[in-house]
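K.L.:
So here's target.cif, just mmCIF, C-alpha atoms:
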data_work
#
loop_
_atom_site.group_PDB
_atom_site.id
_atom_site.type_symbol
_atom_site.label_atom_id
_atom_site.label_comp_id
_atom_site.auth_asym_id
_atom_site.auth_seq_id
_atom_site.Cartn_x
_atom_site.Cartn_y
_atom_site.Cartn_z
ATOM 1 C CA MET A 1 52.818 -34.076 -22.061
ATOM 2 C CA GLU A 2 49.448 -33.888 -23.757
ATOM 3 C CA PHE A 3 48.527 -30.972 -25.973
ATOM 4 C CA LEU A 4 45.828 -29.647 -23.609
ATOM 5 C CA THR A 5 48.211 -29.735 -20.649
ATOM 6 C CA VAL A 6 50.752 -27.635 -22.526
ATOM 7 C CA LEU A 7 48.006 -25.348 -23.860
ATOM 8 C CA ALA A 8 46.605 -24.747 -20.370
ATOM 9 C CA ALA A 9 50.080 -23.942 -19.010
ATOM 10 C CA LEU A 10 50.552 -21.496 -21.887
ATOM 11 C CA PHE A 11 47.192 -19.881 -21.092
ATOM 12 C CA ILE A 12 48.272 -19.412 -17.478
ATOM 13 C CA MET A 13 51.491 -17.713 -18.559
ATOM 14 C CA GLY A 14 49.716 -15.919 -21.417
ATOM 15 C CA HIS A 15 47.161 -14.317 -19.103
ATOM 16 C CA VAL A 16 49.899 -12.804 -16.933
ATOM 17 C CA THR A 17 51.833 -11.741 -20.028
ATOM 18 C CA ASN A 18 48.653 -10.202 -21.423
ATOM 19 C CA TYR A 19 48.039 -7.955 -18.452
ATOM 20 C CA ASN A 20 51.693 -6.983 -18.139
ATOM 21 C CA VAL A 21 52.077 -6.133 -21.836
ATOM 22 C CA THR A 22 48.783 -4.230 -22.003
ATOM 23 C CA ALA A 23 49.548 -2.324 -18.775
ATOM 24 C CA HIS A 24 52.920 -1.249 -20.172
ATOM 25 C CA TRP A 25 51.301 -0.386 -23.493
ATOM 26 C CA GLU A 26 48.688 1.793 -21.796
ATOM 27 C CA TYR A 27 51.264 3.543 -19.637
ATOM 28 C CA ASN A 28 53.567 4.275 -22.587
ATOM 29 C CA SER A 29 51.010 5.027 -25.312
ATOM 30 C CA ARG A 30 47.669 5.699 -23.578
ATOM 31 C CA GLY A 31 46.177 3.408 -26.225
ATOM 32 C CA PHE A 32 43.102 2.366 -24.232
ATOM 33 C CA THR A 33 42.556 5.923 -23.027
ATOM 34 C CA LYS A 34 42.798 7.273 -26.586
ATOM 35 C CA PHE A 35 40.273 4.661 -27.734
ATOM 36 C CA PHE A 36 37.875 6.063 -25.126
ATOM 37 C CA ASN A 37 38.495 9.671 -26.255
ATOM 38 C CA GLY A 38 40.709 10.534 -23.310
ATOM 39 C CA ASN A 39 38.336 9.187 -20.663
ATOM 40 C CA ARG A 40 40.796 7.402 -18.361
ATOM 41 C CA ARG A 41 38.119 6.092 -16.014
ATOM 42 C CA ARG A 42 36.087 4.491 -18.787
ATOM 43 C CA ALA A 43 39.264 3.044 -20.310
ATOM 44 C CA ALA A 44 40.344 1.617 -16.947
ATOM 45 C CA TYR A 45 36.962 -0.051 -16.369
ATOM 46 C CA PHE A 46 37.042 -1.495 -19.886
ATOM 47 C CA TYR A 47 40.552 -2.772 -19.192
ATOM 48 C CA ALA A 48 39.398 -4.365 -15.918
ATOM 49 C CA ALA A 49 36.627 -6.207 -17.788
ATOM 50 C CA PHE A 50 39.121 -7.229 -20.480
ATOM 51 C CA ILE A 51 41.569 -8.666 -17.931
ATOM 52 C CA PHE A 52 38.783 -10.367 -15.983
ATOM 53 C CA ALA A 53 37.538 -11.980 -19.226
ATOM 54 C CA SER A 54 41.107 -13.094 -19.942
ATOM 55 C CA SER A 55 41.248 -14.797 -16.536
ATOM 56 C CA LEU A 56 37.939 -16.563 -17.169
ATOM 57 C CA ILE A 57 39.256 -17.889 -20.486
ATOM 58 C CA ARG A 58 42.422 -19.085 -18.738
ATOM 59 C CA ASP A 59 40.370 -20.831 -16.056
ATOM 60 C CA TYR A 60 38.129 -22.471 -18.662
ATOM 61 C CA VAL A 61 41.104 -23.845 -20.627
ATOM 62 C CA VAL A 62 42.756 -25.130 -17.442
ATOM 63 C CA ASP A 63 39.556 -26.819 -16.295
ATOM 64 C CA GLU A 64 39.017 -28.378 -19.742
ATOM 65 C CA ALA A 65 42.569 -29.717 -19.665
ATOM 66 C CA LEU A 66 41.873 -31.266 -16.282
ATOM 67 C CA LYS A 67 38.545 -32.765 -17.384
ATOM 68 C CA THR A 68 39.754 -34.259 -20.637
ATOM 69 C CA THR A 69 42.957 -35.842 -19.397
ATOM 70 C CA ASN A 70 42.834 -39.319 -17.921
ATOM 71 C CA PRO A 71 43.222 -39.084 -14.164
ATOM 72 C CA VAL A 72 43.668 -42.133 -12.000
ATOM 73 C CA THR A 73 40.274 -43.413 -10.922
ATOM 74 C CA VAL A 74 39.851 -44.969 -7.521
ATOM 75 C CA THR A 75 36.962 -45.950 -5.344
ATOM 76 C CA PRO A 76 36.166 -42.988 -3.055
ATOM 77 C CA ASN A 77 37.690 -43.394 0.374
ATOM 78 C CA PHE A 78 38.185 -41.383 3.546
ATOM 79 C CA PHE A 79 41.146 -39.517 2.013
ATOM 80 C CA ASP A 80 38.919 -38.333 -0.845
ATOM 81 C CA TYR A 81 36.442 -36.800 1.593
ATOM 82 C CA ILE A 82 39.203 -35.060 3.520
ATOM 83 C CA ALA A 83 40.768 -33.863 0.248
ATOM 84 C CA SER A 84 37.394 -32.470 -0.831
ATOM 85 C CA ILE A 85 36.819 -30.625 2.430
ATOM 86 C CA VAL A 86 40.349 -29.199 2.557
ATOM 87 C CA GLY A 87 40.351 -28.447 -1.185
ATOM 88 C CA PHE A 88 37.029 -26.608 -1.221
ATOM 89 C CA SER A 89 38.067 -24.714 1.933
ATOM 90 C CA LEU A 90 41.305 -23.597 0.245
ATOM 91 C CA PHE A 91 39.398 -22.689 -2.924
ATOM 92 C CA ALA A 92 36.938 -20.582 -0.898
ATOM 93 C CA PHE A 93 39.800 -18.929 1.020
ATOM 94 C CA GLY A 94 41.598 -18.074 -2.252
ATOM 95 C CA ILE A 95 38.452 -16.498 -3.690
ATOM 96 C CA PHE A 96 37.873 -14.635 -0.401
ATOM 97 C CA LEU A 97 41.434 -13.301 -0.538
ATOM 98 C CA ASN A 98 40.796 -11.936 -4.032
ATOM 99 C CA PHE A 99 37.567 -10.236 -2.997
ATOM 100 C CA TRP A 100 39.280 -8.798 0.093
ATOM 101 C CA THR A 101 42.007 -7.429 -2.180
ATOM 102 C CA LEU A 102 39.357 -5.943 -4.462
ATOM 103 C CA LYS A 103 37.736 -4.266 -1.455
ATOM 104 C CA SER A 104 41.100 -2.738 -0.443
ATOM 105 C CA LEU A 105 42.127 -1.562 -3.927
ATOM 106 C CA GLY A 106 38.857 -1.023 -5.768
ATOM 107 C CA ILE A 107 38.360 -2.201 -9.333
ATOM 108 C CA ILE A 108 40.677 0.349 -10.886
ATOM 109 C CA GLY A 109 43.405 -0.271 -8.307
ATOM 110 C CA MET A 110 43.189 -4.037 -8.693
ATOM 111 C CA TYR A 111 43.365 -3.948 -12.475
ATOM 112 C CA ASN A 112 46.475 -1.838 -13.186
ATOM 113 C CA GLY A 113 44.848 1.529 -12.653
ATOM 114 C CA ASP A 114 48.327 2.902 -11.996
ATOM 115 C CA SER A 115 49.079 2.451 -15.698
ATOM 116 C CA PHE A 116 46.087 4.691 -16.448
ATOM 117 C CA GLY A 117 47.328 7.403 -14.108
ATOM 118 C CA PHE A 118 45.222 6.472 -11.061
ATOM 119 C CA LEU A 119 47.926 6.431 -8.413
ATOM 120 C CA PHE A 120 47.545 5.795 -4.709
ATOM 121 C CA ASP A 121 48.828 8.475 -2.347
ATOM 122 C CA HIS A 122 50.556 5.884 -0.181
ATOM 123 C CA ILE A 123 51.344 2.179 -0.080
ATOM 124 C CA ILE A 124 48.227 0.187 0.792
ATOM 125 C CA THR A 125 48.768 -1.557 4.122
ATOM 126 C CA ASP A 126 45.229 -2.429 5.176
ATOM 127 C CA GLY A 127 43.096 -5.442 4.301
ATOM 128 C CA PRO A 128 45.098 -8.416 3.080
ATOM 129 C CA PHE A 129 48.117 -6.168 2.439
ATOM 130 C CA GLN A 130 48.829 -6.161 6.162
ATOM 131 C CA TYR A 131 49.776 -9.840 5.726
ATOM 132 C CA LEU A 132 50.840 -10.247 2.076
ATOM 133 C CA SER A 133 52.424 -8.016 -0.557
ATOM 134 C CA ASP A 134 50.523 -9.582 -3.487
ATOM 135 C CA PRO A 135 47.381 -11.127 -1.991
ATOM 136 C CA GLN A 136 45.490 -11.401 -5.276
ATOM 137 C CA TYR A 137 48.174 -13.679 -6.729
ATOM 138 C CA VAL A 138 48.412 -15.718 -3.544
ATOM 139 C CA GLY A 139 44.616 -16.033 -3.568
ATOM 140 C CA ALA A 140 44.493 -17.168 -7.196
ATOM 141 C CA THR A 141 47.224 -19.739 -6.558
ATOM 142 C CA ILE A 142 45.550 -21.062 -3.400
ATOM 143 C CA ALA A 143 42.203 -21.275 -5.226
ATOM 144 C CA THR A 144 43.794 -23.212 -8.077
ATOM 145 C CA PHE A 145 45.448 -25.625 -5.659
ATOM 146 C CA GLY A 146 42.214 -26.022 -3.686
ATOM 147 C CA TRP A 147 40.168 -26.734 -6.815
ATOM 148 C CA SER A 148 42.744 -29.287 -7.948
ATOM 149 C CA LEU A 149 42.737 -31.002 -4.573
ATOM 150 C CA ALA A 150 38.945 -31.041 -4.201
ATOM 151 C CA VAL A 151 37.857 -31.935 -7.727
ATOM 152 C CA TYR A 152 40.877 -33.547 -9.392
ATOM 153 C CA THR A 153 42.572 -35.127 -6.378
ATOM 154 C CA TYR A 154 44.457 -37.802 -8.313
ATOM 155 C CA ASN A 155 45.254 -35.745 -11.411
ATOM 156 C CA TRP A 156 48.841 -34.448 -11.209
ATOM 157 C CA ARG A 157 48.052 -31.780 -13.812
ATOM 158 C CA GLY A 158 46.145 -29.648 -11.316
ATOM 159 C CA TYR A 159 49.183 -29.463 -9.073
ATOM 160 C CA PHE A 160 51.382 -28.805 -12.100
ATOM 161 C CA PHE A 161 49.110 -25.905 -13.129
ATOM 162 C CA THR A 162 49.268 -24.537 -9.580
ATOM 163 C CA LEU A 163 53.071 -24.612 -9.751
ATOM 164 C CA VAL A 164 53.074 -22.939 -13.189
ATOM 165 C CA MET A 165 50.742 -20.230 -11.858
ATOM 166 C CA ALA A 166 52.821 -19.603 -8.740
ATOM 167 C CA LEU A 167 56.093 -19.403 -10.671
ATOM 168 C CA THR A 168 54.539 -17.161 -13.317
ATOM 169 C CA TYR A 169 53.318 -14.739 -10.650
ATOM 170 C CA VAL A 170 56.696 -14.729 -8.867
ATOM 171 C CA VAL A 171 58.563 -13.976 -12.108
ATOM 172 C CA SER A 172 55.995 -11.320 -13.066
ATOM 173 C CA VAL A 173 56.151 -9.497 -9.728
ATOM 174 C CA LYS A 174 59.938 -9.631 -9.464
ATOM 175 C CA PHE A 175 60.939 -8.825 -13.032
ATOM 176 C CA VAL A 176 58.015 -7.133 -14.787
ATOM 177 C CA GLU A 177 55.182 -5.797 -12.658
ATOM 178 C CA GLY A 178 57.276 -4.734 -9.675
ATOM 179 C CA PRO A 179 59.769 -2.685 -11.726
ATOM 180 C CA HIS A 180 56.913 -1.210 -13.790
ATOM 181 C CA MET A 181 55.110 -0.051 -10.649
ATOM 182 C CA ALA A 182 58.348 1.342 -9.213
ATOM 183 C CA ARG A 183 58.908 3.298 -12.441
ATOM 184 C CA ILE A 184 55.364 4.732 -12.391
ATOM 185 C CA TYR A 185 55.571 5.886 -8.775
ATOM 186 C CA SER A 186 59.130 7.129 -9.153
ATOM 187 C CA ALA A 187 58.074 9.284 -12.120
ATOM 188 C CA ARG A 188 55.175 10.673 -10.077
ATOM 189 C CA ASN A 189 57.437 11.452 -7.115
ATOM 190 C CA ASN A 190 60.028 13.113 -9.374
ATOM 191 C CA ASN A 191 57.292 15.282 -10.940
ATOM 192 C CA LYS A 192 56.104 16.321 -7.460
ATOM 193 C CA LYS A 193 59.627 17.479 -6.554
ATOM 194 C CA ARG A 194 59.782 19.861 -9.525
#
Spit out the file's structure as structure tokens when you get a sec.

P.N.:
Amino acid sequence: MEFLTVLAALFIMGHVTNYNVTAHWEYNSRGFTKFFNGNRRRAAYFYAAFIFASSLIRDYVVDEALKTTNPVTVTPNFFDYIASIVGFSLFAFGIFLNFWTLKSLGIIGMYNGDSFGFLFDHIITDGPFQYLSDPQYVGATIATFGWSLAVYTYNWRGYFFTLVMALTYVVSVKFVEGPHMARIYSARNNNKKR
């Protein structure tokens, strides 16, 4: 595998690791909040911008890896047009799913606000959460697949990156983010009982 392919896969995994590690760090140390003199809201918005910037860097590295590798070149045919239409439709749907999630959770809720002490009173079941438990991750994965299909149809790396992203999200939700969220809400519920 080429260096950029491996680097892009590492950036995909690194982005998820970044937000998991920093969310745990904030929850355990209040490091971001302390940096903002105890202002949790300002710290949470800074964190959201930080994580969003991290995702843009990840996307840039992935796209550069796709552009600089040597895909198979073919004369455009009917399949290419169909792949473009389906791919761009999936990309748009993935982005829509992320914005719909943002509308349901708000910026602080979407970007680990729980780790800053901004807890929801109940499990969110409206918006995309009525269909999916982690719609932002599903949306990002669908968008990545759609972009790969539409723009880099014959480049296997796009599909590889989609698989890396999907597996990274599954592992994160099951073994890191899910247990972290359960711990946060369990601690809140135990404090309410006292």

K.L.:
Skipping near chain neighbours, those fewer than 3 positions away, what residues fall within 12 Å of Tyr185 in chain A using only C-alpha atoms, listed as a list of chain:residue names?

P.N.:
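The residues that qualify are A:Tyr27, A:Asp114, A:Ser115, A:Gly117, A:Phe118, A:Leu119, A:Phe120, A:Asp121, A:His122, A:Ile123, A:Gly178, A:Pro179, A:His180, A:Met181, A:Ala182, A:Arg188, A:Asn189, A:Asn190, A:Asn191, A:Lys192.
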
K.L.:
Using only C-alpha atoms, I'd like a table of the residues in range 66-163 of chain A that come within 8 Å of range 38-47 of chain A; for each, show the closest atom pair and its distance in Å rounded to one decimal, ordered by chain and ascending number, as a tab-separated table.

P.N.:
residue	atom	partner	partner_atom	distance
A:Ile107	CA	A:Tyr45	CA	7.5
A:Ile108	CA	A:Ala44	CA	6.2
A:Tyr111	CA	A:Tyr47	CA	7.4
A:Asn112	CA	A:Ala44	CA	8.0
A:Gly113	CA	A:Ala44	CA	6.2
A:Phe116	CA	A:Arg40	CA	6.2
A:Gly117	CA	A:Arg40	CA	7.8

K.L.:
Around all the atoms of range 37-40 of chain A listed in the file, with 4 Å of room on each side, what axis-aligned box do you get, giving centre and edge lengths in Å to one decimal, as JSON?

P.N.:
{"center_x": 39.6, "center_y": 9.0, "center_z": -22.3, "size_x": 10.5, "size_y": 11.1, "size_z": 15.9}

K.L.:
Which is closer to Ala23 in chain A than all the others in A:Leu132, A:Ala48, A:Val86, A:Leu4, using all atoms listed in the file?

P.N.:
A:Ala48

K.L.:
Record the distance separating CA of Ser172 in chain A and CA of Ile12 in chain A, expressed in Å with one decimal.

P.N.:
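Those two atoms sit 12.0 Å apart.
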
K.L.:
Which residues, written as a PyMOL selection string, have at least one atom at most 7 Å from Leu97 in chain A, with all atoms listed in the file counted and residues fewer than 5 positions away on the same chain left out?

P.N.:
chain A and resi 135-136+139

K.L.:
Taking all atoms listed in the file into account, which of A:Thr22, A:Ser186, A:Thr101, A:Thr153 comes nearest Ile82 in chain A?

P.N.:
A:Thr153
